[in-house]
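Trainee: My structure file input-v7.txt, compact mmCIF, C-alpha atoms and all ligand atoms, is below:
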```
# COMPACT_ATOMS: atom_id res chain seq x y z
CA MET B 1 1.73 22.56 -22.73
CA GLY B 2 -1.58 22.15 -20.95
CA ASP B 3 -1.24 18.53 -20.16
CA LYS B 4 -4.14 16.94 -18.36
CA GLU B 5 -2.85 13.45 -18.79
CA PRO B 6 -2.09 11.92 -15.41
CA TRP B 7 1.63 11.55 -15.02
CA THR B 8 1.11 8.09 -13.62
CA ARG B 9 -0.04 7.17 -17.09
CA LYS B 10 2.33 9.38 -19.06
CA TYR B 11 5.31 8.00 -17.16
CA GLN B 12 4.00 4.52 -16.63
CA PRO B 13 6.98 2.17 -16.95
CA ARG B 14 6.63 0.41 -20.30
CA LYS B 15 9.60 -1.90 -20.11
CA PRO B 16 10.53 -4.26 -17.29
CA GLU B 17 13.77 -2.38 -16.69
CA ASP B 18 11.84 0.86 -16.12
CA ILE B 19 10.14 -0.52 -13.03
CA VAL B 20 12.11 0.88 -10.15
CA GLY B 21 13.21 -1.11 -7.14
CA GLN B 22 11.55 -4.42 -8.02
CA ASP B 23 14.22 -6.14 -10.08
CA ASN B 24 13.79 -9.51 -8.49
CA PRO B 25 10.01 -9.83 -8.58
CA VAL B 26 9.88 -8.40 -12.10
CA ARG B 27 12.36 -11.05 -13.20
CA GLN B 28 10.14 -13.68 -11.61
CA VAL B 29 7.08 -12.37 -13.46
CA LEU B 30 8.98 -12.47 -16.75
CA GLY B 31 10.24 -15.94 -16.03
CA PHE B 32 6.80 -17.21 -15.16
CA ALA B 33 5.06 -15.69 -18.18
CA SER B 34 7.67 -16.84 -20.67
CA ASP B 35 7.89 -20.37 -19.47
CA TYR B 36 4.65 -21.16 -17.69
CA ARG B 37 3.94 -24.23 -19.78
CA SER B 38 6.82 -26.12 -18.30
CA GLN B 39 5.95 -25.02 -14.77
CA LYS B 40 3.93 -27.02 -12.31
CA LYS B 41 1.83 -24.04 -11.34
CA LYS B 42 -0.02 -22.39 -14.20
CA SER B 43 -0.81 -19.14 -12.47
CA ALA B 44 0.93 -16.51 -10.40
CA ILE B 45 -0.10 -14.11 -7.67
CA ILE B 46 1.78 -10.85 -7.52
CA TYR B 47 1.37 -9.16 -4.18
CA GLY B 48 2.70 -6.15 -2.34
CA PRO B 49 1.77 -2.68 -1.15
CA VAL B 50 -0.44 -0.24 -3.01
CA GLY B 51 1.15 1.68 -5.89
CA CYS B 52 4.43 -0.20 -6.09
CA GLY B 53 4.19 -1.37 -9.70
CA LYS B 54 2.31 -4.67 -9.54
CA THR B 55 -0.14 -4.03 -12.35
CA VAL B 56 2.30 -2.21 -14.62
CA SER B 57 4.83 -5.00 -14.29
CA VAL B 58 2.40 -7.41 -15.91
CA TYR B 59 1.98 -5.07 -18.86
CA ALA B 60 5.71 -4.48 -19.13
CA ALA B 61 6.42 -8.20 -19.06
CA ALA B 62 3.76 -8.83 -21.69
CA ASP B 63 5.24 -6.11 -23.85
CA GLN B 64 8.68 -7.62 -23.68
CA LEU B 65 7.40 -11.09 -24.48
CA GLY B 66 5.11 -9.92 -27.27
CA LEU B 67 1.97 -11.02 -25.44
CA GLU B 68 -1.42 -9.39 -25.25
CA VAL B 69 -2.97 -8.62 -21.84
CA ILE B 70 -6.59 -9.38 -21.12
CA GLU B 71 -7.37 -7.53 -17.92
CA VAL B 72 -10.29 -8.22 -15.64
CA ASN B 73 -10.85 -6.77 -12.21
CA ALA B 74 -11.71 -9.31 -9.56
CA SER B 75 -13.99 -6.99 -7.66
CA ASP B 76 -16.32 -6.94 -10.67
CA PHE B 77 -17.16 -10.55 -10.08
CA ARG B 78 -20.10 -11.12 -7.82
CA ASN B 79 -20.45 -14.86 -8.37
CA GLN B 80 -18.96 -17.90 -10.02
CA GLU B 81 -21.09 -17.62 -13.17
CA GLN B 82 -19.52 -14.26 -13.93
CA ILE B 83 -16.05 -15.62 -13.35
CA ASN B 84 -16.68 -18.57 -15.57
CA SER B 85 -18.08 -16.51 -18.38
CA VAL B 86 -15.45 -13.76 -18.37
CA VAL B 87 -12.27 -15.57 -17.44
CA GLY B 88 -13.41 -18.83 -18.97
CA ALA B 89 -13.95 -17.24 -22.35
CA ALA B 90 -10.63 -15.42 -22.26
CA SER B 91 -8.72 -18.49 -21.22
CA LYS B 92 -9.90 -20.54 -24.16
CA GLN B 93 -10.12 -18.17 -27.09
CA MET B 94 -7.12 -17.66 -29.25
CA SER B 95 -6.02 -14.07 -28.96
CA LEU B 96 -6.35 -11.38 -31.57
CA PHE B 97 -3.70 -11.70 -34.27
CA SER B 98 -2.93 -15.01 -32.61
CA LYS B 99 -0.39 -13.51 -30.27
CA GLY B 100 -0.12 -15.29 -26.99
CA LYS B 101 -1.73 -13.63 -24.03
CA ILE B 102 -1.65 -13.11 -20.30
CA ILE B 103 -4.87 -13.03 -18.38
CA LEU B 104 -4.54 -10.43 -15.67
CA ILE B 105 -6.94 -10.70 -12.76
CA ASP B 106 -6.32 -7.46 -10.97
CA GLU B 107 -6.94 -7.06 -7.26
CA VAL B 108 -7.87 -10.66 -6.63
CA ASP B 109 -8.14 -9.95 -2.89
CA GLY B 110 -11.45 -8.30 -3.81
CA LEU B 111 -12.74 -11.80 -4.35
CA SER B 112 -12.56 -12.65 -0.67
CA GLY B 113 -15.40 -10.21 -0.08
CA THR B 114 -17.84 -11.94 -2.40
CA LYS B 115 -20.58 -13.87 -0.68
CA ASP B 116 -20.53 -16.63 -3.31
CA ARG B 117 -18.56 -19.48 -1.84
CA GLY B 118 -18.09 -20.96 -5.28
CA ALA B 119 -16.18 -17.96 -6.62
CA VAL B 120 -12.71 -18.98 -5.48
CA PRO B 121 -13.01 -22.65 -6.44
CA ALA B 122 -14.34 -21.60 -9.86
CA LEU B 123 -11.28 -19.45 -10.39
CA VAL B 124 -8.94 -22.19 -9.20
CA LYS B 125 -10.49 -24.57 -11.70
CA LEU B 126 -10.07 -22.09 -14.52
CA MET B 127 -6.48 -21.56 -13.53
CA GLN B 128 -5.75 -25.21 -13.97
CA GLU B 129 -7.52 -25.50 -17.29
CA SER B 130 -6.34 -22.25 -18.86
CA SER B 131 -4.20 -22.47 -21.97
CA PHE B 132 -2.69 -19.10 -21.06
CA PRO B 133 -0.87 -17.85 -18.01
CA ILE B 134 -3.17 -16.27 -15.45
CA ILE B 135 -1.57 -13.62 -13.28
CA CYS B 136 -3.41 -12.21 -10.29
CA THR B 137 -2.44 -9.14 -8.30
CA ALA B 138 -3.29 -8.47 -4.68
CA VAL B 139 -2.31 -6.24 -1.81
CA ASP B 140 -3.13 -8.93 0.70
CA PRO B 141 -3.50 -12.44 -0.70
CA PHE B 142 -3.29 -14.11 2.71
CA ASP B 143 -6.97 -14.25 3.43
CA LYS B 144 -8.18 -17.71 4.46
CA LYS B 145 -10.68 -17.71 1.62
CA LEU B 146 -7.89 -17.43 -0.91
CA SER B 147 -5.82 -20.34 0.38
CA ALA B 148 -6.90 -22.70 -2.42
CA LEU B 149 -5.79 -20.08 -4.89
CA ARG B 150 -2.43 -19.62 -3.22
CA LYS B 151 -1.70 -23.31 -3.39
CA LYS B 152 -2.07 -23.32 -7.15
CA ALA B 153 -0.08 -20.17 -7.79
CA VAL B 154 3.50 -19.04 -7.90
CA MET B 155 3.75 -16.31 -5.29
CA VAL B 156 5.70 -13.22 -6.31
CA GLU B 157 6.28 -10.62 -3.64
CA PHE B 158 6.80 -6.94 -4.47
CA SER B 159 8.52 -4.95 -1.79
CA MET B 160 7.58 -1.61 -0.32
CA PRO B 161 9.59 0.95 -2.30
CA ASP B 162 11.81 3.02 -0.05
CA TYR B 163 11.88 6.76 -0.40
CA LYS B 164 15.05 6.71 -2.47
CA ASP B 165 13.36 4.62 -5.13
CA ILE B 166 10.38 6.95 -5.08
CA TYR B 167 12.69 9.93 -5.27
CA SER B 168 14.40 8.53 -8.34
CA VAL B 169 11.03 8.11 -10.08
CA LEU B 170 10.04 11.68 -9.20
CA LYS B 171 13.37 13.04 -10.36
CA ILE B 172 13.07 11.49 -13.80
CA ILE B 173 9.62 12.98 -14.23
CA ALA B 174 10.58 16.43 -12.92
CA ASP B 175 13.63 16.60 -15.16
CA HIS B 176 11.60 15.54 -18.12
CA GLU B 177 8.93 18.14 -17.41
CA GLY B 178 11.53 20.83 -16.83
CA ILE B 179 10.49 21.45 -13.25
CA LYS B 180 12.70 23.42 -10.89
CA TYR B 181 12.91 21.92 -7.44
CA ASP B 182 14.90 21.77 -4.30
CA GLU B 183 16.22 18.30 -3.76
CA ASN B 184 15.03 18.17 -0.16
CA ASP B 185 11.50 19.21 -1.02
CA MET B 186 11.35 16.49 -3.61
CA LYS B 187 12.66 13.99 -1.09
CA SER B 188 10.02 15.06 1.31
CA ILE B 189 7.29 14.21 -1.22
CA ALA B 190 8.94 10.85 -1.65
CA ARG B 191 9.12 10.20 2.06
CA ARG B 192 5.60 11.29 2.79
CA ALA B 193 4.17 8.92 0.19
CA GLY B 194 4.72 6.03 2.59
CA GLY B 195 5.91 3.65 -0.11
CA ASP B 196 3.15 4.46 -2.60
CA ILE B 197 4.80 5.57 -5.86
CA ARG B 198 1.49 6.33 -7.52
CA ALA B 199 0.59 8.72 -4.69
CA ALA B 200 3.98 10.44 -4.88
CA VAL B 201 3.71 10.97 -8.64
CA ASN B 202 0.20 12.35 -8.21
CA ASP B 203 1.38 14.71 -5.48
CA LEU B 204 4.16 16.00 -7.68
CA GLN B 205 1.76 16.66 -10.51
CA ILE B 206 -0.74 18.46 -8.30
CA LEU B 207 1.91 20.55 -6.57
CA THR B 208 3.48 21.74 -9.81
CA SER B 209 0.40 22.09 -11.96
CA GLY B 210 0.34 25.41 -13.76
CA LYS B 211 3.95 26.13 -12.93
CA ARG B 212 7.31 24.65 -13.63
CA GLU B 213 8.44 24.79 -10.07
CA LEU B 214 8.02 22.91 -6.84
CA LEU B 215 7.50 25.48 -4.08
CA LYS B 216 8.06 24.80 -0.42
CA GLU B 217 4.95 26.69 0.64
CA ASP B 218 2.74 24.56 -1.63
CA LEU B 219 4.25 21.48 -0.07
CA GLU B 220 3.47 22.75 3.40
CA SER B 221 -0.08 23.76 2.65
CA MET B 222 -0.74 20.39 1.10
CA SER B 223 0.33 18.56 4.22
CA GLN B 224 -1.86 20.79 6.35
CA ARG B 225 -4.90 20.13 4.20
CA GLU B 226 -4.29 16.45 4.51
CA GLN B 227 -4.20 16.65 8.27
CA THR B 228 -7.62 18.23 8.40
CA GLU B 229 -9.27 15.07 7.18
CA ASN B 230 -9.33 13.92 10.72
CA ILE B 231 -9.34 10.57 12.28
CA LEU B 232 -12.89 10.86 13.50
CA ASN B 233 -14.21 10.98 9.96
CA ALA B 234 -12.11 8.00 9.04
CA VAL B 235 -13.35 5.93 11.96
CA MET B 236 -16.93 6.79 11.07
CA LYS B 237 -16.41 5.84 7.45
CA VAL B 238 -15.10 2.42 8.40
CA LEU B 239 -17.82 1.69 10.94
CA LYS B 240 -20.65 2.86 8.69
CA THR B 241 -19.75 1.07 5.47
CA THR B 242 -19.83 -2.58 4.52
CA ASP B 243 -17.86 -1.98 1.35
CA PRO B 244 -14.20 -2.93 1.82
CA ASN B 245 -13.18 -0.74 -1.11
CA ILE B 246 -14.50 2.35 0.60
CA ALA B 247 -13.19 1.35 4.01
CA ILE B 248 -9.65 0.67 2.87
CA GLN B 249 -9.18 4.26 1.74
CA SER B 250 -10.46 5.74 4.97
CA PHE B 251 -7.18 6.16 6.77
CA ASN B 252 -5.25 7.39 3.74
CA ASN B 253 -5.18 10.99 4.89
CA VAL B 254 -4.94 10.34 8.59
CA GLN B 255 -1.64 11.50 10.03
CA GLU B 256 -1.89 9.59 13.29
CA ASP B 257 0.04 6.37 13.43
CA PHE B 258 -1.82 3.12 13.24
CA ASP B 259 -1.33 2.26 16.88
CA LYS B 260 -3.37 5.25 17.77
CA VAL B 261 -5.94 4.40 15.14
CA MET B 262 -6.17 0.96 16.70
CA LEU B 263 -7.13 2.46 20.03
CA TRP B 264 -9.72 4.63 18.38
CA MET B 265 -11.25 1.58 16.75
CA ASP B 266 -11.11 -0.34 19.99
CA GLU B 267 -13.05 2.41 21.70
CA ASN B 268 -15.66 2.88 19.02
CA ILE B 269 -16.42 -0.56 17.61
CA PRO B 270 -18.72 -1.50 20.52
CA LYS B 271 -20.52 1.81 20.22
CA GLU B 272 -21.51 0.95 16.67
CA TYR B 273 -21.66 -2.83 16.50
CA GLU B 274 -24.28 -4.59 18.60
CA LYS B 275 -24.47 -8.19 17.41
CA PRO B 276 -22.01 -10.46 19.22
CA ALA B 277 -20.88 -12.09 15.98
CA ASP B 278 -20.09 -8.71 14.46
CA LEU B 279 -18.16 -7.70 17.53
CA ALA B 280 -16.21 -10.94 17.60
CA ARG B 281 -15.15 -10.59 13.98
CA ALA B 282 -14.22 -6.94 14.34
CA TYR B 283 -12.06 -7.60 17.40
CA ASP B 284 -10.44 -10.51 15.66
CA TYR B 285 -9.25 -8.14 12.92
CA LEU B 286 -8.16 -5.66 15.53
CA SER B 287 -6.06 -8.30 17.21
CA LYS B 288 -4.47 -9.22 13.89
CA ALA B 289 -3.57 -5.59 13.35
CA ASP B 290 -1.99 -5.58 16.76
CA VAL B 291 0.09 -8.63 15.92
CA MET B 292 1.37 -6.93 12.77
CA SER B 293 2.17 -3.80 14.69
CA ARG B 294 4.26 -5.79 17.12
CA ARG B 295 6.13 -7.38 14.23
CA ILE B 296 6.96 -3.96 12.90
CA ARG B 297 8.24 -2.87 16.26
CA ARG B 298 10.30 -5.99 16.71
CA TRP B 299 11.69 -6.52 13.26
CA GLN B 300 11.16 -3.17 11.62
CA HIS B 301 9.13 -4.76 8.82
CA TRP B 302 7.50 -1.52 7.86
CA ARG B 303 5.69 -2.97 4.92
CA PHE B 304 3.31 -4.71 7.34
CA ILE B 305 1.71 -1.32 7.70
CA VAL B 306 -0.31 -2.19 4.61
CA TYR B 307 -1.83 -5.12 6.44
CA ILE B 308 -2.49 -3.14 9.58
CA ASN B 309 -4.40 -0.68 7.46
CA ALA B 310 -6.35 -3.43 5.73
CA TYR B 311 -7.34 -5.11 8.99
CA LEU B 312 -8.34 -1.89 10.70
CA SER B 313 -10.34 -0.58 7.79
CA ALA B 314 -11.71 -3.16 5.40
CA GLY B 315 -11.49 -5.93 8.00
CA VAL B 316 -13.53 -4.08 10.59
CA ALA B 317 -15.95 -2.81 7.93
CA VAL B 318 -16.85 -6.27 6.61
CA SER B 319 -17.20 -7.69 10.09
CA LYS B 320 -20.82 -6.65 10.21
CA ASP B 321 -23.56 -8.51 8.39
CA GLU B 322 -25.39 -5.30 7.70
CA LYS B 323 -25.15 -1.62 8.46
CA TYR B 324 -26.49 -0.23 11.72
CA SER B 325 -28.69 2.73 11.08
CA LYS B 326 -28.34 4.79 14.20
CA PHE B 327 -26.61 7.90 15.31
CA VAL B 328 -23.46 7.30 17.31
CA LYS B 329 -21.20 9.77 19.00
CA TYR B 330 -17.70 8.47 18.56
CA GLY B 331 -14.84 9.46 20.77
CA PRO B 332 -11.23 8.78 21.70
CA THR B 333 -10.07 6.61 24.57
CA SER B 334 -8.85 8.78 27.39
CA ARG B 335 -6.75 7.34 30.16
CA LEU B 336 -5.65 4.11 28.61
CA LEU B 337 -4.68 6.02 25.52
CA LYS B 338 -2.29 8.22 27.41
CA ILE B 339 -0.52 5.47 29.28
CA TRP B 340 -0.31 3.35 26.24
CA MET B 341 0.97 6.13 24.01
CA ALA B 342 3.67 6.90 26.52
CA ASN B 343 4.86 3.31 26.31
CA ARG B 344 4.74 3.28 22.59
CA LYS B 345 6.59 6.54 22.38
CA TYR B 346 9.39 5.08 24.40
CA GLN B 347 9.64 2.11 22.05
CA LYS B 348 9.82 4.26 18.97
CA ARG B 349 12.50 6.30 20.63
CA LYS B 350 14.47 3.16 21.25
CA ALA B 351 14.10 1.99 17.64
CA ILE B 352 15.39 5.30 16.29
CA ALA B 353 18.26 5.26 18.76
CA GLU B 354 19.31 1.82 17.59
CA LYS B 355 19.37 2.98 14.01
CA ILE B 356 21.46 6.04 14.79
CA ALA B 357 23.75 3.97 16.97
CA GLU B 358 24.52 1.69 14.09
CA LYS B 359 25.26 4.60 11.74
CA THR B 360 27.42 6.45 14.19
CA HIS B 361 29.19 3.45 15.63
CA THR B 362 28.15 4.01 19.16
CA SER B 363 25.79 2.37 21.63
CA ALA B 364 22.04 2.85 21.60
CA TYR B 365 22.31 3.83 25.23
CA ARG B 366 24.68 6.69 24.43
CA VAL B 367 22.41 7.84 21.62
CA LEU B 368 19.42 7.86 23.96
CA GLN B 369 21.35 9.87 26.50
CA ASP B 370 23.24 12.34 24.35
CA THR B 371 22.30 12.41 20.70
CA LEU B 372 18.55 12.03 20.64
CA PRO B 373 17.50 15.01 22.75
CA TYR B 374 19.81 17.15 20.68
CA MET B 375 18.45 15.76 17.44
CA GLN B 376 14.88 16.36 18.51
CA ALA B 377 15.61 19.98 19.21
CA MET B 378 17.35 20.18 15.87
CA PHE B 379 14.36 18.79 13.99
CA GLN B 380 12.00 21.14 15.73
CA LYS B 381 14.12 24.22 15.10
CA ASP B 382 15.39 23.66 11.60
CA ILE B 383 13.44 21.18 9.56
CA ASP B 384 15.64 21.71 6.50
CA TYR B 385 18.70 20.64 8.31
CA GLY B 386 16.67 17.89 9.95
CA THR B 387 15.61 16.57 6.57
CA LYS B 388 19.21 16.37 5.43
CA LEU B 389 20.12 14.58 8.59
CA ALA B 390 17.24 12.16 8.18
CA ASP B 391 18.46 11.28 4.70
CA GLU B 392 21.94 10.73 5.94
CA LEU B 393 20.69 8.43 8.68
CA GLU B 394 18.14 6.78 6.40
CA LEU B 395 15.27 7.42 8.77
CA GLU B 396 11.78 6.41 7.75
CA LYS B 397 8.82 8.74 7.54
CA ALA B 398 7.33 7.63 10.84
CA GLU B 399 10.64 8.09 12.58
CA VAL B 400 11.12 11.60 11.26
CA GLU B 401 7.59 12.42 12.38
CA TRP B 402 8.45 11.25 15.83
CA LEU B 403 11.54 13.43 15.95
CA CYS B 404 9.50 16.44 14.88
CA LYS B 405 6.94 15.97 17.65
N1 LIG Z 501 8.21 0.47 -9.33
C1 LIG Z 501 7.76 1.54 -10.03
N2 LIG Z 501 8.58 2.23 -10.85
C2 LIG Z 501 8.12 3.29 -11.53
N3 LIG Z 501 6.87 3.77 -11.45
C3 LIG Z 501 6.00 3.15 -10.62
C4 LIG Z 501 6.41 2.00 -9.88
N4 LIG Z 501 5.37 1.57 -9.15
C5 LIG Z 501 4.35 2.39 -9.41
N5 LIG Z 501 4.71 3.35 -10.29
C6 LIG Z 501 3.84 4.45 -10.76
O1 LIG Z 501 2.58 4.24 -10.14
C7 LIG Z 501 1.60 3.92 -11.11
C8 LIG Z 501 0.73 2.81 -10.57
O2 LIG Z 501 1.42 1.57 -10.55
P1 LIG Z 501 0.63 0.19 -10.49
O3 LIG Z 501 -0.73 0.38 -11.05
O4 LIG Z 501 1.46 -0.86 -11.08
O5 LIG Z 501 0.53 -0.02 -8.94
P2 LIG Z 501 -0.02 -1.32 -8.19
O6 LIG Z 501 1.11 -1.90 -7.43
O7 LIG Z 501 -0.72 -2.20 -9.15
O8 LIG Z 501 -1.03 -0.64 -7.18
P3 LIG Z 501 -2.48 -1.17 -6.65
O9 LIG Z 501 -2.19 -2.06 -5.48
O10 LIG Z 501 -3.15 0.08 -6.19
O11 LIG Z 501 -3.16 -1.83 -7.78
C9 LIG Z 501 2.35 3.58 -12.36
O12 LIG Z 501 1.63 3.93 -13.50
C10 LIG Z 501 3.61 4.42 -12.24
O13 LIG Z 501 3.36 5.74 -12.65
MG MG Z 502 -2.78 -2.57 -9.48
```
Represent the structure from my file as structure tokens, please.

Mentor:
Amino acid sequence: MGDKEPWTRKYQPRKPEDIVGQDNPVRQVLGFASDYRSQKKKSAIIYGPVGCGKTVSVYAAADQLGLEVIEVNASDFRNQEQINSVVGAASKQMSLFSKGKIILIDEVDGLSGTKDRGAVPALVKLMQESSFPIICTAVDPFDKKLSALRKKAVMVEFSMPDYKDIYSVLKIIADHEGIKYDENDMKSIARRAGGDIRAAVNDLQILTSGKRELLKEDLESMSQREQTENILNAVMKVLKTTDPNIAIQSFNNVQEDFDKVMLWMDENIPKEYEKPADLARAYDYLSKADVMSRRIRRWQHWRFIVYINAYLSAGVAVSKDEKYSKFVKYGPTSRLLKIWMANRKYQKRKAIAEKIAEKTHTSAYRVLQDTLPYMQAMFQKDIDYGTKLADELELEKAEVEWLCK
């Protein structure tokens, strides 16, 4: 069975109930699409992290309701004329076979990058006049430029899938494909995906292509390859491009945590950017990333990582009016980095301790004193056992990484 078809397509959830871990938002999408006429707001914005089922949920809802989907991608629009002609036409025509339809404007956050100031208002106007429900998707719809859009739309939030949800998706696929696997290895794919189901499914397909087995050594060599795409390249990519779509991918394969990336950006932005306005914008995004990072530390809202990434990559990239054509030698911060990392390390340690304390019914202080040093040694010596332990304690990817350091 030489199947070249991407498993993300082959196993794309077709029915609303096949979409894992998003019961609530999927119900909201269904509710909106089936009954939008009686609603005050005639459009919806579905938002949430990359690869969590936003786009497929629109198709699944349409399928259930017997509607046709007309899909347009927002980043294809460069100006309001294009929006008017494409979306305008779709929103007025009766659909083929006179089924009802949903107009899907995918990745509407791409619109905030367009220079045309009329683009968003044009879309808002179409939303109000459309005879069909318009559903937009976005990873980050909270850009200032999109505020008019947000006011007119029902906001539906998709959550960051946890590794157990991802694992359950992988398991269904593996069983269906007749793949042999060790449960822990599969869980490790799920955990490493950082909430991105699409990425996890792709990893599984790549790792098992040509065989019917998931091998531990393949898993290990994959993670090493990923680490080689180093942070320096990523920083350069962001600083050299003005295209947010390129920038946003830059840190995908970087293993360092975002706090470290932030320091790298802080160090290198002024080496590249010269105009004061460019610098001001770039540092504004950096400060926003910092705010998000603090929220994660305080409240453990790990899904904010998506925003940190967006600010540090696309945000910094679009902060310049035009590219600088010069050769720059980028580098890491030295002293500050060390002090700061030491502080951060201590905070992560504390967060993990609190989690373990809750699970083991003891105090965080005791965990810090007794359990944690032992656990660290355990993770470093026997990663298999460590993985089992991590599952039991429901530790997140970043936390496990810390324990392995
Ligand atoms: N909740 C889910 N349940 C099952 N499979 C999922 C889920 N989310 C994503 N997938 C898998 O990932 C693929 C991509 O999903 P989808 O295109 O809906 O992601 P998205 O949230 O729109 O991502 P993006 O922000 O990149 O547009 C799906 O085809 C499916 O294989
Ligand atoms: Mg999508």

Trainee: Which residues sit within 10 Å of ligand MG 502 (chain Z), counting all atoms listed in the file, listed as a PyMOL selection string?

Mentor: chain B and resi 46-58+73+105-108+136-139

Trainee: Using only C-alpha atoms and all ligand atoms, find the one residue out of B:Ile70, B:Leu126, B:Val254, B:Ala193 that sits nearest to ligand LIG 501 (chain Z).

Mentor: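 Looking at the shortest contact to ligand LIG 501 (chain Z), the residue is B:Ala193.
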
Trainee: Using all atoms listed in the file, find the one residue out of B:Lys359, B:Arg14, B:Lys40, B:Lys320 that sits nearest to ligand LIG 501 (chain Z).

Mentor: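 The closest residue to ligand LIG 501 (chain Z) is B:Arg14.
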
Trainee: Leaving out B:Val169 and any residue of its chain fewer than 4 positions from it, which residues lie within 12 Å of it when counting all atoms listed in the file, given as a PDB file with C-alpha atoms, in the coordinates of the input?

Mentor:
```pdb
ATOM      1  CA  TRP B   7       1.630  11.550 -15.020  1.00  0.00           C
ATOM      2  CA  THR B   8       1.110   8.090 -13.620  1.00  0.00           C
ATOM      3  CA  TYR B  11       5.310   8.000 -17.160  1.00  0.00           C
ATOM      4  CA  GLN B  12       4.000   4.520 -16.630  1.00  0.00           C
ATOM      5  CA  PRO B  13       6.980   2.170 -16.950  1.00  0.00           C
ATOM      6  CA  ASP B  18      11.840   0.860 -16.120  1.00  0.00           C
ATOM      7  CA  ILE B  19      10.140  -0.520 -13.030  1.00  0.00           C
ATOM      8  CA  VAL B  20      12.110   0.880 -10.150  1.00  0.00           C
ATOM      9  CA  GLY B  21      13.210  -1.110  -7.140  1.00  0.00           C
ATOM     10  CA  CYS B  52       4.430  -0.200  -6.090  1.00  0.00           C
ATOM     11  CA  GLY B  53       4.190  -1.370  -9.700  1.00  0.00           C
ATOM     12  CA  PRO B 161       9.590   0.950  -2.300  1.00  0.00           C
ATOM     13  CA  ASP B 162      11.810   3.020  -0.050  1.00  0.00           C
ATOM     14  CA  TYR B 163      11.880   6.760  -0.400  1.00  0.00           C
ATOM     15  CA  LYS B 164      15.050   6.710  -2.470  1.00  0.00           C
ATOM     16  CA  ASP B 165      13.360   4.620  -5.130  1.00  0.00           C
ATOM     17  CA  ILE B 173       9.620  12.980 -14.230  1.00  0.00           C
ATOM     18  CA  ALA B 174      10.580  16.430 -12.920  1.00  0.00           C
ATOM     19  CA  ASP B 175      13.630  16.600 -15.160  1.00  0.00           C
ATOM     20  CA  HIS B 176      11.600  15.540 -18.120  1.00  0.00           C
ATOM     21  CA  MET B 186      11.350  16.490  -3.610  1.00  0.00           C
ATOM     22  CA  LYS B 187      12.660  13.990  -1.090  1.00  0.00           C
ATOM     23  CA  ILE B 189       7.290  14.210  -1.220  1.00  0.00           C
ATOM     24  CA  ALA B 190       8.940  10.850  -1.650  1.00  0.00           C
ATOM     25  CA  ASP B 196       3.150   4.460  -2.600  1.00  0.00           C
ATOM     26  CA  ILE B 197       4.800   5.570  -5.860  1.00  0.00           C
ATOM     27  CA  ARG B 198       1.490   6.330  -7.520  1.00  0.00           C
ATOM     28  CA  ALA B 199       0.590   8.720  -4.690  1.00  0.00           C
ATOM     29  CA  ALA B 200       3.980  10.440  -4.880  1.00  0.00           C
ATOM     30  CA  VAL B 201       3.710  10.970  -8.640  1.00  0.00           C
ATOM     31  CA  ASN B 202       0.200  12.350  -8.210  1.00  0.00           C
ATOM     32  CA  LEU B 204       4.160  16.000  -7.680  1.00  0.00           C
TER      33      LEU B 204
END
```

Trainee: One decimal, in Å: what's the spacing between atom CA of B:Ser363 and atom CA of B:Lys348?

Mentor: 16.3 Å

Trainee: Write out as a VMD selection string which residues come within 12 Å of stretch 369-376 of chain B when counting only C-alpha atoms, dropping same-chain ones fewer than 4 positions away.

Mentor: chain B and resid 348 to 357 360 362 to 365 380 to 383 385 to 387 389 to 390 393 399 to 405

Trainee: Rounded to one decimal in Å, what is the spacing between atom CA of B:Val235 and atom CA of B:Ala247?

Mentor: 9.2 Å

Trainee: My list of candidates is B:Gly88, B:Pro141, B:Gly31, B:Gly118. Which is closest to ligand LIG 501 (chain Z) when distances are computed with all atoms listed in the file?

Mentor: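 Of the candidates, the smallest distance to ligand LIG 501 (chain Z) is held by B:Pro141.
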
Trainee: Using all atoms listed in the file, pick whichever of B:Glu81, B:Asp257, B:Glu157, B:Glu129 has the shortest atom-to-atom distance to ligand LIG 501 (chain Z).

Mentor: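 Ranked by minimum distance to ligand LIG 501 (chain Z), first place goes to B:Glu157.
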
Trainee: Enter the distance from atom CA of B:Asp290 to atom CA of B:Ala398, in Å, rounded to one decimal.

Mentor: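 Going from atom CA of B:Asp290 over to atom CA of B:Ala398, I get 17.2 Å.
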
Trainee: Hey, which of B:Gly100, B:Pro133, B:Gly195, B:Pro121 ends up closest to ligand LIG 501 (chain Z)? Count only C-alpha atoms and all ligand atoms.

Mentor: B:Gly195

Trainee: Which one is closest to ligand LIG 501 (chain Z): B:Ser112, B:Asn245, B:Asn309, B:Gln22? Count all atoms listed in the file.

Mentor: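 When distances to ligand LIG 501 (chain Z) are compared using all atoms listed in the file, the smallest one comes from B:Gln22.
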
Trainee: As JSON, please report the centre and edge lengths, rounded to one decimal in Å, of the axis-aligned box that holds all listed atoms of ligand LIG 501 (chain Z) with 3 Å of padding on each of the six sides.

Mentor:
```
{"center_x": 2.7, "center_y": 1.8, "center_z": -9.5, "size_x": 17.7, "size_y": 13.9, "size_z": 14.0}
```
